[in-house]
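Raw coords.cif, mmCIF, N, CA and C atoms and all ligand atoms:
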data_work
loop_
_atom_site.label_atom_id
_atom_site.label_comp_id
_atom_site.auth_asym_id
_atom_site.auth_seq_id
_atom_site.Cartn_x
_atom_site.Cartn_y
_atom_site.Cartn_z
N MET C 1 -173.91 64.11 -49.75
CA MET C 1 -174.06 63.03 -48.79
C MET C 1 -174.93 61.92 -49.39
N LYS C 2 -174.55 60.69 -49.17
CA LYS C 2 -175.32 59.57 -49.70
C LYS C 2 -176.34 59.09 -48.67
N ALA C 3 -177.46 58.60 -49.19
CA ALA C 3 -178.53 58.13 -48.32
C ALA C 3 -178.35 56.66 -47.98
N GLY C 4 -178.99 56.23 -46.90
CA GLY C 4 -179.13 54.83 -46.59
C GLY C 4 -180.61 54.50 -46.71
N ILE C 5 -180.92 53.50 -47.45
CA ILE C 5 -182.34 53.15 -47.67
C ILE C 5 -182.70 51.97 -46.78
N TYR C 6 -183.72 52.14 -45.95
CA TYR C 6 -184.19 51.07 -45.08
C TYR C 6 -185.57 50.61 -45.55
N ILE C 7 -185.74 49.32 -45.73
CA ILE C 7 -187.02 48.76 -46.17
C ILE C 7 -187.50 47.79 -45.11
N HIS C 8 -188.65 48.10 -44.50
CA HIS C 8 -189.18 47.22 -43.46
C HIS C 8 -190.07 46.16 -44.10
N VAL C 9 -189.72 44.91 -43.88
CA VAL C 9 -190.51 43.79 -44.44
C VAL C 9 -191.34 43.22 -43.28
N PRO C 10 -192.65 43.44 -43.30
CA PRO C 10 -193.44 43.21 -42.09
C PRO C 10 -194.08 41.82 -41.98
N PHE C 11 -193.33 40.77 -42.29
CA PHE C 11 -193.89 39.42 -42.20
C PHE C 11 -193.02 38.56 -41.29
N CYS C 12 -193.67 37.71 -40.50
CA CYS C 12 -192.96 36.72 -39.69
C CYS C 12 -193.77 35.44 -39.67
N ALA C 13 -193.09 34.32 -39.42
CA ALA C 13 -193.78 33.03 -39.34
C ALA C 13 -194.70 33.03 -38.13
N LYS C 14 -194.22 33.60 -37.04
CA LYS C 14 -195.04 33.74 -35.84
C LYS C 14 -194.44 34.86 -35.01
N LYS C 15 -195.22 35.37 -34.08
CA LYS C 15 -194.75 36.49 -33.27
C LYS C 15 -193.94 35.97 -32.08
N CYS C 16 -192.68 36.43 -31.95
CA CYS C 16 -191.87 36.06 -30.80
C CYS C 16 -192.35 36.87 -29.60
N PRO C 17 -192.38 36.25 -28.42
CA PRO C 17 -192.99 36.91 -27.26
C PRO C 17 -192.29 38.20 -26.82
N TYR C 18 -191.02 38.36 -27.16
CA TYR C 18 -190.25 39.52 -26.68
C TYR C 18 -190.20 40.67 -27.69
N CYS C 19 -190.85 40.51 -28.85
CA CYS C 19 -190.59 41.42 -29.96
C CYS C 19 -191.61 42.55 -30.05
N ASP C 20 -191.11 43.77 -30.20
CA ASP C 20 -191.99 44.94 -30.35
C ASP C 20 -192.06 45.46 -31.78
N PHE C 21 -191.31 44.86 -32.69
CA PHE C 21 -191.36 45.34 -34.08
C PHE C 21 -192.68 44.93 -34.73
N TYR C 22 -193.15 45.76 -35.65
CA TYR C 22 -194.40 45.41 -36.32
C TYR C 22 -194.19 44.24 -37.29
N SER C 23 -195.04 43.23 -37.20
CA SER C 23 -195.03 42.17 -38.21
C SER C 23 -196.37 41.44 -38.15
N ALA C 24 -196.71 40.80 -39.27
CA ALA C 24 -197.94 40.04 -39.38
C ALA C 24 -197.62 38.72 -40.06
N ALA C 25 -198.57 37.80 -40.03
CA ALA C 25 -198.34 36.49 -40.65
C ALA C 25 -198.16 36.65 -42.15
N TYR C 26 -197.23 35.88 -42.70
CA TYR C 26 -196.94 35.94 -44.14
C TYR C 26 -198.09 35.35 -44.94
N ARG C 27 -198.49 36.08 -46.01
CA ARG C 27 -199.44 35.54 -47.00
C ARG C 27 -198.95 35.99 -48.36
N ALA C 28 -199.01 35.10 -49.33
CA ALA C 28 -198.46 35.42 -50.65
C ALA C 28 -199.16 36.63 -51.28
N ASP C 29 -200.49 36.73 -51.13
CA ASP C 29 -201.20 37.86 -51.75
C ASP C 29 -200.84 39.18 -51.05
N THR C 30 -200.69 39.12 -49.72
CA THR C 30 -200.29 40.34 -48.99
C THR C 30 -198.86 40.73 -49.37
N ALA C 31 -198.00 39.73 -49.54
CA ALA C 31 -196.61 40.01 -49.92
C ALA C 31 -196.56 40.70 -51.29
N GLU C 32 -197.42 40.27 -52.21
CA GLU C 32 -197.46 40.90 -53.52
C GLU C 32 -197.92 42.35 -53.41
N ARG C 33 -198.98 42.58 -52.62
CA ARG C 33 -199.47 43.96 -52.44
C ARG C 33 -198.43 44.81 -51.73
N TYR C 34 -197.76 44.22 -50.77
CA TYR C 34 -196.69 44.93 -50.05
C TYR C 34 -195.58 45.35 -51.02
N THR C 35 -195.15 44.42 -51.86
CA THR C 35 -194.06 44.73 -52.80
C THR C 35 -194.47 45.82 -53.77
N GLU C 36 -195.71 45.76 -54.25
CA GLU C 36 -196.21 46.82 -55.15
C GLU C 36 -196.17 48.18 -54.43
N ALA C 37 -196.53 48.19 -53.14
CA ALA C 37 -196.51 49.44 -52.37
C ALA C 37 -195.08 49.96 -52.22
N VAL C 38 -194.13 49.05 -51.96
CA VAL C 38 -192.72 49.48 -51.84
C VAL C 38 -192.25 50.07 -53.18
N LEU C 39 -192.63 49.44 -54.28
CA LEU C 39 -192.22 49.95 -55.60
C LEU C 39 -192.79 51.34 -55.84
N ARG C 40 -194.04 51.57 -55.40
CA ARG C 40 -194.62 52.92 -55.54
C ARG C 40 -193.84 53.94 -54.70
N ASN C 41 -193.43 53.53 -53.51
CA ASN C 41 -192.64 54.43 -52.65
C ASN C 41 -191.29 54.74 -53.29
N ILE C 42 -190.67 53.75 -53.89
CA ILE C 42 -189.37 53.97 -54.54
C ILE C 42 -189.55 54.93 -55.71
N ALA C 43 -190.64 54.76 -56.48
CA ALA C 43 -190.89 55.65 -57.62
C ALA C 43 -191.07 57.09 -57.16
N ALA C 44 -191.53 57.28 -55.91
CA ALA C 44 -191.80 58.63 -55.40
C ALA C 44 -190.59 59.25 -54.71
N LEU C 45 -189.45 58.55 -54.69
CA LEU C 45 -188.25 59.14 -54.07
C LEU C 45 -187.82 60.40 -54.83
N PRO C 46 -187.21 61.35 -54.13
CA PRO C 46 -186.78 62.57 -54.80
C PRO C 46 -185.73 62.30 -55.89
N ASP C 47 -185.73 63.15 -56.88
CA ASP C 47 -184.73 63.03 -57.95
C ASP C 47 -183.33 63.23 -57.37
N GLY C 48 -182.35 62.61 -58.00
CA GLY C 48 -180.95 62.87 -57.67
C GLY C 48 -180.47 62.20 -56.40
N LEU C 49 -181.26 61.26 -55.87
CA LEU C 49 -180.85 60.60 -54.63
C LEU C 49 -179.72 59.60 -54.90
N SER C 50 -178.69 59.67 -54.06
CA SER C 50 -177.61 58.69 -54.13
C SER C 50 -177.66 57.85 -52.87
N ALA C 51 -177.47 56.56 -53.01
CA ALA C 51 -177.51 55.69 -51.83
C ALA C 51 -176.29 54.80 -51.80
N ASP C 52 -175.72 54.62 -50.61
CA ASP C 52 -174.60 53.69 -50.51
C ASP C 52 -174.89 52.51 -49.59
N THR C 53 -176.09 52.51 -48.99
CA THR C 53 -176.51 51.31 -48.25
C THR C 53 -177.99 51.06 -48.49
N VAL C 54 -178.34 49.80 -48.54
CA VAL C 54 -179.75 49.38 -48.59
C VAL C 54 -179.88 48.29 -47.53
N TYR C 55 -180.92 48.40 -46.69
CA TYR C 55 -181.07 47.44 -45.59
C TYR C 55 -182.50 46.92 -45.57
N PHE C 56 -182.67 45.61 -45.74
CA PHE C 56 -183.98 44.98 -45.61
C PHE C 56 -184.08 44.47 -44.17
N GLY C 57 -184.92 45.16 -43.35
CA GLY C 57 -185.11 44.75 -41.97
C GLY C 57 -186.54 44.28 -41.75
N GLY C 58 -186.80 43.81 -40.53
CA GLY C 58 -188.16 43.32 -40.33
C GLY C 58 -188.53 43.28 -38.86
N GLY C 59 -189.53 42.44 -38.71
CA GLY C 59 -190.06 41.39 -39.60
C GLY C 59 -188.98 40.37 -39.98
N THR C 60 -189.33 39.59 -40.95
CA THR C 60 -188.42 38.56 -41.43
C THR C 60 -188.27 38.70 -42.95
N PRO C 61 -187.36 39.55 -43.40
CA PRO C 61 -187.20 39.76 -44.84
C PRO C 61 -186.90 38.47 -45.61
N SER C 62 -186.29 37.49 -44.93
CA SER C 62 -185.96 36.25 -45.64
C SER C 62 -187.21 35.43 -45.96
N MET C 63 -188.39 35.83 -45.45
CA MET C 63 -189.64 35.16 -45.84
C MET C 63 -190.16 35.67 -47.18
N LEU C 64 -189.74 36.88 -47.55
CA LEU C 64 -190.21 37.45 -48.82
C LEU C 64 -189.56 36.68 -49.97
N PRO C 65 -190.34 36.23 -50.95
CA PRO C 65 -189.73 35.46 -52.05
C PRO C 65 -188.59 36.26 -52.69
N PRO C 66 -187.49 35.59 -53.06
CA PRO C 66 -186.34 36.29 -53.65
C PRO C 66 -186.71 37.13 -54.87
N ALA C 67 -187.72 36.71 -55.63
CA ALA C 67 -188.12 37.49 -56.81
C ALA C 67 -188.62 38.88 -56.40
N HIS C 68 -189.25 38.98 -55.23
CA HIS C 68 -189.71 40.28 -54.75
C HIS C 68 -188.52 41.16 -54.36
N ILE C 69 -187.55 40.54 -53.68
CA ILE C 69 -186.34 41.28 -53.30
C ILE C 69 -185.65 41.81 -54.56
N GLU C 70 -185.58 40.97 -55.55
CA GLU C 70 -184.92 41.33 -56.81
C GLU C 70 -185.64 42.51 -57.48
N ARG C 71 -186.99 42.47 -57.49
CA ARG C 71 -187.78 43.57 -58.08
C ARG C 71 -187.52 44.88 -57.34
N ILE C 72 -187.47 44.80 -56.01
CA ILE C 72 -187.25 46.01 -55.20
C ILE C 72 -185.86 46.57 -55.47
N LEU C 73 -184.84 45.70 -55.50
CA LEU C 73 -183.48 46.20 -55.74
C LEU C 73 -183.33 46.77 -57.14
N ARG C 74 -183.99 46.14 -58.11
CA ARG C 74 -183.92 46.66 -59.49
C ARG C 74 -184.54 48.06 -59.54
N ALA C 75 -185.68 48.23 -58.85
CA ALA C 75 -186.34 49.54 -58.84
C ALA C 75 -185.46 50.60 -58.17
N ILE C 76 -184.78 50.22 -57.10
CA ILE C 76 -183.87 51.17 -56.42
C ILE C 76 -182.76 51.58 -57.37
N ARG C 77 -182.19 50.61 -58.09
CA ARG C 77 -181.08 50.94 -59.00
C ARG C 77 -181.56 51.83 -60.14
N GLU C 78 -182.79 51.61 -60.59
CA GLU C 78 -183.32 52.43 -61.69
C GLU C 78 -183.67 53.84 -61.23
N ARG C 79 -184.08 53.97 -59.94
CA ARG C 79 -184.57 55.27 -59.47
C ARG C 79 -183.44 56.10 -58.83
N CYS C 80 -182.47 55.41 -58.21
CA CYS C 80 -181.43 56.11 -57.45
C CYS C 80 -180.08 55.86 -58.07
N ASP C 81 -179.17 56.73 -57.70
CA ASP C 81 -177.77 56.47 -58.03
C ASP C 81 -177.22 55.61 -56.89
N ALA C 82 -177.41 54.29 -57.01
CA ALA C 82 -176.93 53.39 -55.97
C ALA C 82 -175.50 52.98 -56.32
N ALA C 83 -174.60 53.26 -55.40
CA ALA C 83 -173.18 52.97 -55.65
C ALA C 83 -172.99 51.51 -56.02
N ALA C 84 -172.08 51.26 -56.94
CA ALA C 84 -171.82 49.89 -57.38
C ALA C 84 -171.36 49.03 -56.22
N ASP C 85 -170.66 49.67 -55.26
CA ASP C 85 -170.18 48.90 -54.10
C ASP C 85 -171.08 49.10 -52.88
N ALA C 86 -172.35 49.47 -53.11
CA ALA C 86 -173.26 49.69 -51.99
C ALA C 86 -173.36 48.44 -51.12
N GLU C 87 -173.46 48.66 -49.81
CA GLU C 87 -173.67 47.55 -48.88
C GLU C 87 -175.16 47.25 -48.86
N ILE C 88 -175.52 46.02 -49.23
CA ILE C 88 -176.94 45.66 -49.32
C ILE C 88 -177.19 44.49 -48.38
N THR C 89 -177.92 44.78 -47.32
CA THR C 89 -178.08 43.81 -46.22
C THR C 89 -179.50 43.27 -46.18
N LEU C 90 -179.61 42.01 -45.83
CA LEU C 90 -180.91 41.38 -45.62
C LEU C 90 -180.89 40.67 -44.28
N GLU C 91 -181.89 40.93 -43.45
CA GLU C 91 -182.04 40.18 -42.20
C GLU C 91 -182.66 38.83 -42.51
N ALA C 92 -182.04 37.78 -41.98
CA ALA C 92 -182.51 36.43 -42.31
C ALA C 92 -182.72 35.62 -41.03
N ASN C 93 -183.84 34.93 -41.00
CA ASN C 93 -184.12 34.00 -39.92
C ASN C 93 -183.55 32.63 -40.32
N PRO C 94 -182.80 31.96 -39.43
CA PRO C 94 -182.16 30.70 -39.82
C PRO C 94 -183.11 29.69 -40.45
N LEU C 95 -184.37 29.63 -39.98
CA LEU C 95 -185.30 28.62 -40.51
C LEU C 95 -185.75 28.91 -41.94
N THR C 96 -185.54 30.12 -42.40
CA THR C 96 -186.02 30.48 -43.75
C THR C 96 -184.88 30.52 -44.76
N MET C 97 -183.67 30.12 -44.34
CA MET C 97 -182.52 30.19 -45.24
C MET C 97 -182.34 28.86 -45.96
N THR C 98 -182.31 28.89 -47.28
CA THR C 98 -182.05 27.69 -48.07
C THR C 98 -180.93 28.01 -49.05
N ASP C 99 -180.32 26.96 -49.62
CA ASP C 99 -179.27 27.18 -50.61
C ASP C 99 -179.80 27.98 -51.79
N ALA C 100 -181.03 27.65 -52.22
CA ALA C 100 -181.60 28.35 -53.37
C ALA C 100 -181.81 29.83 -53.07
N LYS C 101 -182.29 30.13 -51.86
CA LYS C 101 -182.48 31.55 -51.50
C LYS C 101 -181.14 32.27 -51.40
N LEU C 102 -180.15 31.61 -50.80
CA LEU C 102 -178.84 32.25 -50.68
C LEU C 102 -178.29 32.61 -52.06
N SER C 103 -178.43 31.69 -53.01
CA SER C 103 -177.95 31.96 -54.38
C SER C 103 -178.73 33.12 -55.01
N ALA C 104 -180.04 33.10 -54.84
CA ALA C 104 -180.87 34.15 -55.44
C ALA C 104 -180.57 35.51 -54.83
N TRP C 105 -180.38 35.53 -53.51
CA TRP C 105 -180.05 36.82 -52.86
C TRP C 105 -178.73 37.35 -53.40
N ARG C 106 -177.74 36.46 -53.48
CA ARG C 106 -176.42 36.86 -53.99
C ARG C 106 -176.55 37.41 -55.42
N GLU C 107 -177.33 36.69 -56.21
CA GLU C 107 -177.53 37.07 -57.61
C GLU C 107 -178.18 38.45 -57.73
N SER C 108 -179.08 38.77 -56.82
CA SER C 108 -179.79 40.05 -56.92
C SER C 108 -178.99 41.20 -56.31
N GLY C 109 -177.86 40.89 -55.65
CA GLY C 109 -176.99 41.96 -55.16
C GLY C 109 -176.86 42.04 -53.65
N ILE C 110 -177.58 41.18 -52.92
CA ILE C 110 -177.39 41.16 -51.46
C ILE C 110 -175.94 40.74 -51.18
N ASN C 111 -175.22 41.57 -50.40
CA ASN C 111 -173.83 41.21 -50.11
C ASN C 111 -173.54 41.17 -48.61
N ARG C 112 -174.62 41.21 -47.82
CA ARG C 112 -174.43 41.13 -46.37
C ARG C 112 -175.70 40.54 -45.76
N LEU C 113 -175.54 39.57 -44.87
CA LEU C 113 -176.69 39.00 -44.16
C LEU C 113 -176.58 39.33 -42.68
N SER C 114 -177.71 39.64 -42.08
CA SER C 114 -177.79 39.76 -40.64
C SER C 114 -178.66 38.59 -40.18
N VAL C 115 -178.02 37.58 -39.60
CA VAL C 115 -178.73 36.33 -39.30
C VAL C 115 -179.23 36.36 -37.85
N GLY C 116 -180.53 36.19 -37.70
CA GLY C 116 -181.15 36.27 -36.37
C GLY C 116 -180.97 35.01 -35.56
N VAL C 117 -179.73 34.76 -35.17
CA VAL C 117 -179.42 33.54 -34.40
C VAL C 117 -179.97 33.67 -32.97
N GLN C 118 -179.84 34.83 -32.40
CA GLN C 118 -180.27 35.17 -31.03
C GLN C 118 -179.44 34.47 -29.95
N SER C 119 -179.23 33.16 -30.09
CA SER C 119 -178.46 32.43 -29.07
C SER C 119 -178.02 31.09 -29.66
N PHE C 120 -176.92 30.54 -29.08
CA PHE C 120 -176.52 29.18 -29.43
C PHE C 120 -176.81 28.22 -28.27
N GLN C 121 -177.61 28.68 -27.31
CA GLN C 121 -177.96 27.83 -26.17
C GLN C 121 -179.42 27.38 -26.31
N PRO C 122 -179.66 26.06 -26.37
CA PRO C 122 -181.01 25.56 -26.59
C PRO C 122 -182.03 26.10 -25.59
N ASP C 123 -181.64 26.18 -24.30
CA ASP C 123 -182.61 26.64 -23.30
C ASP C 123 -182.97 28.11 -23.51
N VAL C 124 -182.01 28.90 -23.95
CA VAL C 124 -182.30 30.32 -24.21
C VAL C 124 -183.20 30.44 -25.44
N LEU C 125 -182.92 29.65 -26.46
CA LEU C 125 -183.77 29.68 -27.66
C LEU C 125 -185.20 29.29 -27.30
N ALA C 126 -185.36 28.27 -26.44
CA ALA C 126 -186.71 27.85 -26.03
C ALA C 126 -187.40 28.96 -25.26
N GLN C 127 -186.64 29.62 -24.38
CA GLN C 127 -187.19 30.72 -23.58
C GLN C 127 -187.68 31.86 -24.48
N LEU C 128 -186.93 32.08 -25.57
CA LEU C 128 -187.27 33.17 -26.49
C LEU C 128 -188.38 32.78 -27.46
N GLY C 129 -188.77 31.49 -27.45
CA GLY C 129 -189.81 31.04 -28.38
C GLY C 129 -189.31 30.87 -29.79
N ARG C 130 -187.99 30.68 -29.94
CA ARG C 130 -187.41 30.49 -31.28
C ARG C 130 -187.44 29.01 -31.65
N LYS C 131 -187.69 28.74 -32.93
CA LYS C 131 -187.87 27.35 -33.36
C LYS C 131 -186.59 26.73 -33.90
N HIS C 132 -185.58 27.53 -34.21
CA HIS C 132 -184.35 26.93 -34.75
C HIS C 132 -183.48 26.39 -33.61
N THR C 133 -182.49 25.59 -34.00
CA THR C 133 -181.60 24.97 -33.01
C THR C 133 -180.21 25.58 -33.16
N PRO C 134 -179.33 25.39 -32.19
CA PRO C 134 -177.96 25.89 -32.35
C PRO C 134 -177.31 25.33 -33.62
N GLU C 135 -177.66 24.09 -34.00
CA GLU C 135 -177.05 23.50 -35.20
C GLU C 135 -177.44 24.26 -36.43
S1 LIG Z 201 -188.84 36.78 -36.05
FE1 LIG Z 201 -187.81 38.70 -35.45
S2 LIG Z 201 -189.13 40.35 -36.16
FE2 LIG Z 201 -190.36 38.46 -36.22
S3 LIG Z 201 -191.46 38.45 -34.27
FE3 LIG Z 201 -189.56 37.27 -33.97
S4 LIG Z 201 -188.03 38.74 -33.22
FE4 LIG Z 201 -189.76 39.91 -34.06
#
Show the structure stored in the file as structure tokens.
Amino acid sequence: MKAGIYIHVPFCAKKCPYCDFYSAAYRADTAERYTEAVLRNIAALPDGLSADTVYFGGGTPSMLPPAHIERILRAIRERCDAAADAEITLEANPLTMTDAKLSAWRESGINRLSVGVQSFQPDVLAQLGRKHTPE
């Protein structure tokens, strides 16, 4: 049986009033320490693990610099037998998506995005405390 690897990225631009997931404000030094901790966890995975899915959830994984995502995925590939056609998902907040990030994610192997649109109605977005617009 193949494993699914879930990586919780615990950073957000701000806390949404309805959210119970753990997250804290993004800081570059904390993100570096966080990534080093994830790499240590990957190194400690059991031998012979095969994975067919990798999921970056959060928090807001799209806030993590693409170079960190790339380091984590490289470590997973080196430590696990990750299927060549593995589904690799990243949760992305619309405000943190740029063309450069999309290219970098694609380059590092992300092949699925879960975009936190929440709503296409401005009043609902305002009620939820979201800063992006339907556009
Ligand atoms: S951006 Fe997502 S994970 Fe972060 S606080 Fe809002 S709902 Fe929660």
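Residues of protein or nucleic acid lying within 5 Å of ligand LIG 201 (chain Z), counting only N, CA and C atoms and all ligand atoms, are Cys12, Lys14, Lys15, Cys16, Cys19, Gly58, Gly59 and Thr60 of chain C.
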task = Run DSSP on the backbone and give me the residues of chain C it puts in strand (DSSP E), as a count of residues only.
result = 36
Using only C-alpha atoms, which residues of stretch 18-66 of chain C come within 9 Å of stretch 105-128 of chain C, and what is the closest atom pair for each, with the distance in Å to one decimal? Give it as CSV, sorted by chain and residue number.
residue,atom,partner,partner_atom,distance
C:Tyr18,CA,C:Leu128,CA,7.0
C:Gly57,CA,C:Ser114,CA,9.0
C:Pro66,CA,C:Trp105,CA,6.4
ask   = If you measure from atom CA of C:Arg27 to atom CA of C:Ala67, what distance in Å do you get, rounded to one decimal?
value =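 Result for atom CA of C:Arg27 versus atom CA of C:Ala67: 15.1 Å, one decimal.
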message = Please compute the atom N of C:His8-atom C of C:Ala31 distance, one decimal, in Å.
response = 12.8 Å
inquiry  = Report, in Å with one decimal, the straight-line distance from atom CA of C:Gly4 to atom CA of C:Met63.
reply    = 22.3 Å
task = Run DSSP on the backbone and grab whatever in chain C lands in helix (DSSP H, G or I); send it over as JSON, numbers by chain.
result = {"C": [28, 29, 30, 31, 32, 33, 34, 35, 36, 37, 38, 39, 40, 41, 42, 43, 61, 62, 63, 66, 67, 68, 69, 70, 71, 72, 73, 74, 75, 76, 77, 78, 79, 94, 95, 96, 99, 100, 101, 102, 103, 104, 105, 106, 107, 108, 122, 123, 124, 125, 126, 127, 128]}
Shortest interatomic distance to C:Pro10 - which of C:Asp29, C:Leu95, C:Pro61, C:Ala100, counting all atoms listed in the file =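 So, comparing all the options, the nearest one is C:Pro61.
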task = Identify which of the residues C:Val38, C:Ala104, C:Ala83, C:Val9 lies closest to C:Ala24, counting all atoms listed in the file when measuring atom-to-atom distances.
result =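 Under the stated criterion, the closest residue is C:Val9.
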query = Which of these residues is nearest to C:Ala86, using only N, CA and C atoms: C:Leu64, C:Val54, C:Leu102, C:Ile72?
reply =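 Residue with the minimum atom-to-atom distance to C:Ala86: C:Val54.
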For stretch 33-37 of chain C: contacts at 7 Å, all atoms listed in the file, fewer than 5 positions along chain excluded, given as number ranges by chain = C: 28, 42, 68
request  = Considering only N, CA and C atoms, state which residue in the set C:Asn93, C:Ser23, C:Met1, C:Ala51 is at the smallest distance from C:Cys80.
outcome  =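 For C:Cys80, the nearest of the given residues is C:Ala51.
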inquiry  = Taking (-186.1, 29.1, -35.8) in the coordinates of the supplied file, I want to know which residues reach to within 8 Å of it, counting only C-alpha atoms; could you give the answer as a ChimeraX atom specification?
reply    = /C:93-95,130-133
request  = Between C:Pro134, C:Thr98, C:Ala43, C:Tyr22, single out the one closest to C:Ala75, counting all atoms listed in the file.
outcome  =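 Closest candidate: C:Ala43.
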task = Select, from C:Arg74, C:Ser62, C:Asp52, C:Ile5, the residue with the minimum atom-to-atom distance to C:Glu87, counting all atoms listed in the file.
result =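 For C:Glu87, the nearest of the given residues is C:Asp52.
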Report the centre and edge lengths, in Å to one decimal, of an axis-aligned box enclosing every atom of stretch 21-36 of chain C listed in the file, padded by 5 Å on each side, as JSON.
{"center_x": -196.3, "center_y": 41.6, "center_z": -43.9, "size_x": 19.9, "size_y": 23.1, "size_z": 32.5}
Please, could N, CA, C and O atoms be added to stretch 30-41 of chain C and the result written as a PDB file, in the coordinates of the input?
ATOM      1  N   THR C  30    -200.690  39.120 -49.720  1.00  0.00           N
ATOM      2  CA  THR C  30    -200.290  40.340 -48.990  1.00  0.00           C
ATOM      3  C   THR C  30    -198.860  40.730 -49.370  1.00  0.00           C
ATOM      4  O   THR C  30    -198.560  41.918 -49.511  1.00  0.00           O
ATOM      5  N   ALA C  31    -198.000  39.730 -49.540  1.00  0.00           N
ATOM      6  CA  ALA C  31    -196.610  40.010 -49.920  1.00  0.00           C
ATOM      7  C   ALA C  31    -196.560  40.700 -51.290  1.00  0.00           C
ATOM      8  O   ALA C  31    -195.752  41.605 -51.518  1.00  0.00           O
ATOM      9  N   GLU C  32    -197.420  40.270 -52.210  1.00  0.00           N
ATOM     10  CA  GLU C  32    -197.460  40.900 -53.520  1.00  0.00           C
ATOM     11  C   GLU C  32    -197.920  42.350 -53.410  1.00  0.00           C
ATOM     12  O   GLU C  32    -197.311  43.254 -53.991  1.00  0.00           O
ATOM     13  N   ARG C  33    -198.980  42.580 -52.620  1.00  0.00           N
ATOM     14  CA  ARG C  33    -199.470  43.960 -52.440  1.00  0.00           C
ATOM     15  C   ARG C  33    -198.430  44.810 -51.730  1.00  0.00           C
ATOM     16  O   ARG C  33    -198.233  45.980 -52.038  1.00  0.00           O
ATOM     17  N   TYR C  34    -197.760  44.220 -50.770  1.00  0.00           N
ATOM     18  CA  TYR C  34    -196.690  44.930 -50.050  1.00  0.00           C
ATOM     19  C   TYR C  34    -195.580  45.350 -51.020  1.00  0.00           C
ATOM     20  O   TYR C  34    -195.128  46.501 -51.021  1.00  0.00           O
ATOM     21  N   THR C  35    -195.150  44.420 -51.860  1.00  0.00           N
ATOM     22  CA  THR C  35    -194.060  44.730 -52.800  1.00  0.00           C
ATOM     23  C   THR C  35    -194.470  45.820 -53.770  1.00  0.00           C
ATOM     24  O   THR C  35    -193.697  46.733 -54.078  1.00  0.00           O
ATOM     25  N   GLU C  36    -195.710  45.760 -54.250  1.00  0.00           N
ATOM     26  CA  GLU C  36    -196.210  46.820 -55.150  1.00  0.00           C
ATOM     27  C   GLU C  36    -196.170  48.180 -54.430  1.00  0.00           C
ATOM     28  O   GLU C  36    -195.827  49.205 -55.032  1.00  0.00           O
ATOM     29  N   ALA C  37    -196.530  48.190 -53.140  1.00  0.00           N
ATOM     30  CA  ALA C  37    -196.510  49.440 -52.370  1.00  0.00           C
ATOM     31  C   ALA C  37    -195.080  49.960 -52.220  1.00  0.00           C
ATOM     32  O   ALA C  37    -194.824  51.170 -52.344  1.00  0.00           O
ATOM     33  N   VAL C  38    -194.130  49.050 -51.960  1.00  0.00           N
ATOM     34  CA  VAL C  38    -192.720  49.480 -51.840  1.00  0.00           C
ATOM     35  C   VAL C  38    -192.250  50.070 -53.180  1.00  0.00           C
ATOM     36  O   VAL C  38    -191.575  51.106 -53.209  1.00  0.00           O
ATOM     37  N   LEU C  39    -192.630  49.440 -54.280  1.00  0.00           N
ATOM     38  CA  LEU C  39    -192.220  49.950 -55.600  1.00  0.00           C
ATOM     39  C   LEU C  39    -192.790  51.340 -55.840  1.00  0.00           C
ATOM     40  O   LEU C  39    -192.118  52.208 -56.405  1.00  0.00           O
ATOM     41  N   ARG C  40    -194.040  51.570 -55.400  1.00  0.00           N
ATOM     42  CA  ARG C  40    -194.620  52.920 -55.540  1.00  0.00           C
ATOM     43  C   ARG C  40    -193.840  53.940 -54.700  1.00  0.00           C
ATOM     44  O   ARG C  40    -193.611  55.067 -55.131  1.00  0.00           O
ATOM     45  N   ASN C  41    -193.430  53.530 -53.510  1.00  0.00           N
ATOM     46  CA  ASN C  41    -192.640  54.430 -52.650  1.00  0.00           C
ATOM     47  C   ASN C  41    -191.290  54.740 -53.290  1.00  0.00           C
ATOM     48  O   ASN C  41    -190.812  55.878 -53.218  1.00  0.00           O
TER      49      ASN C  41
END
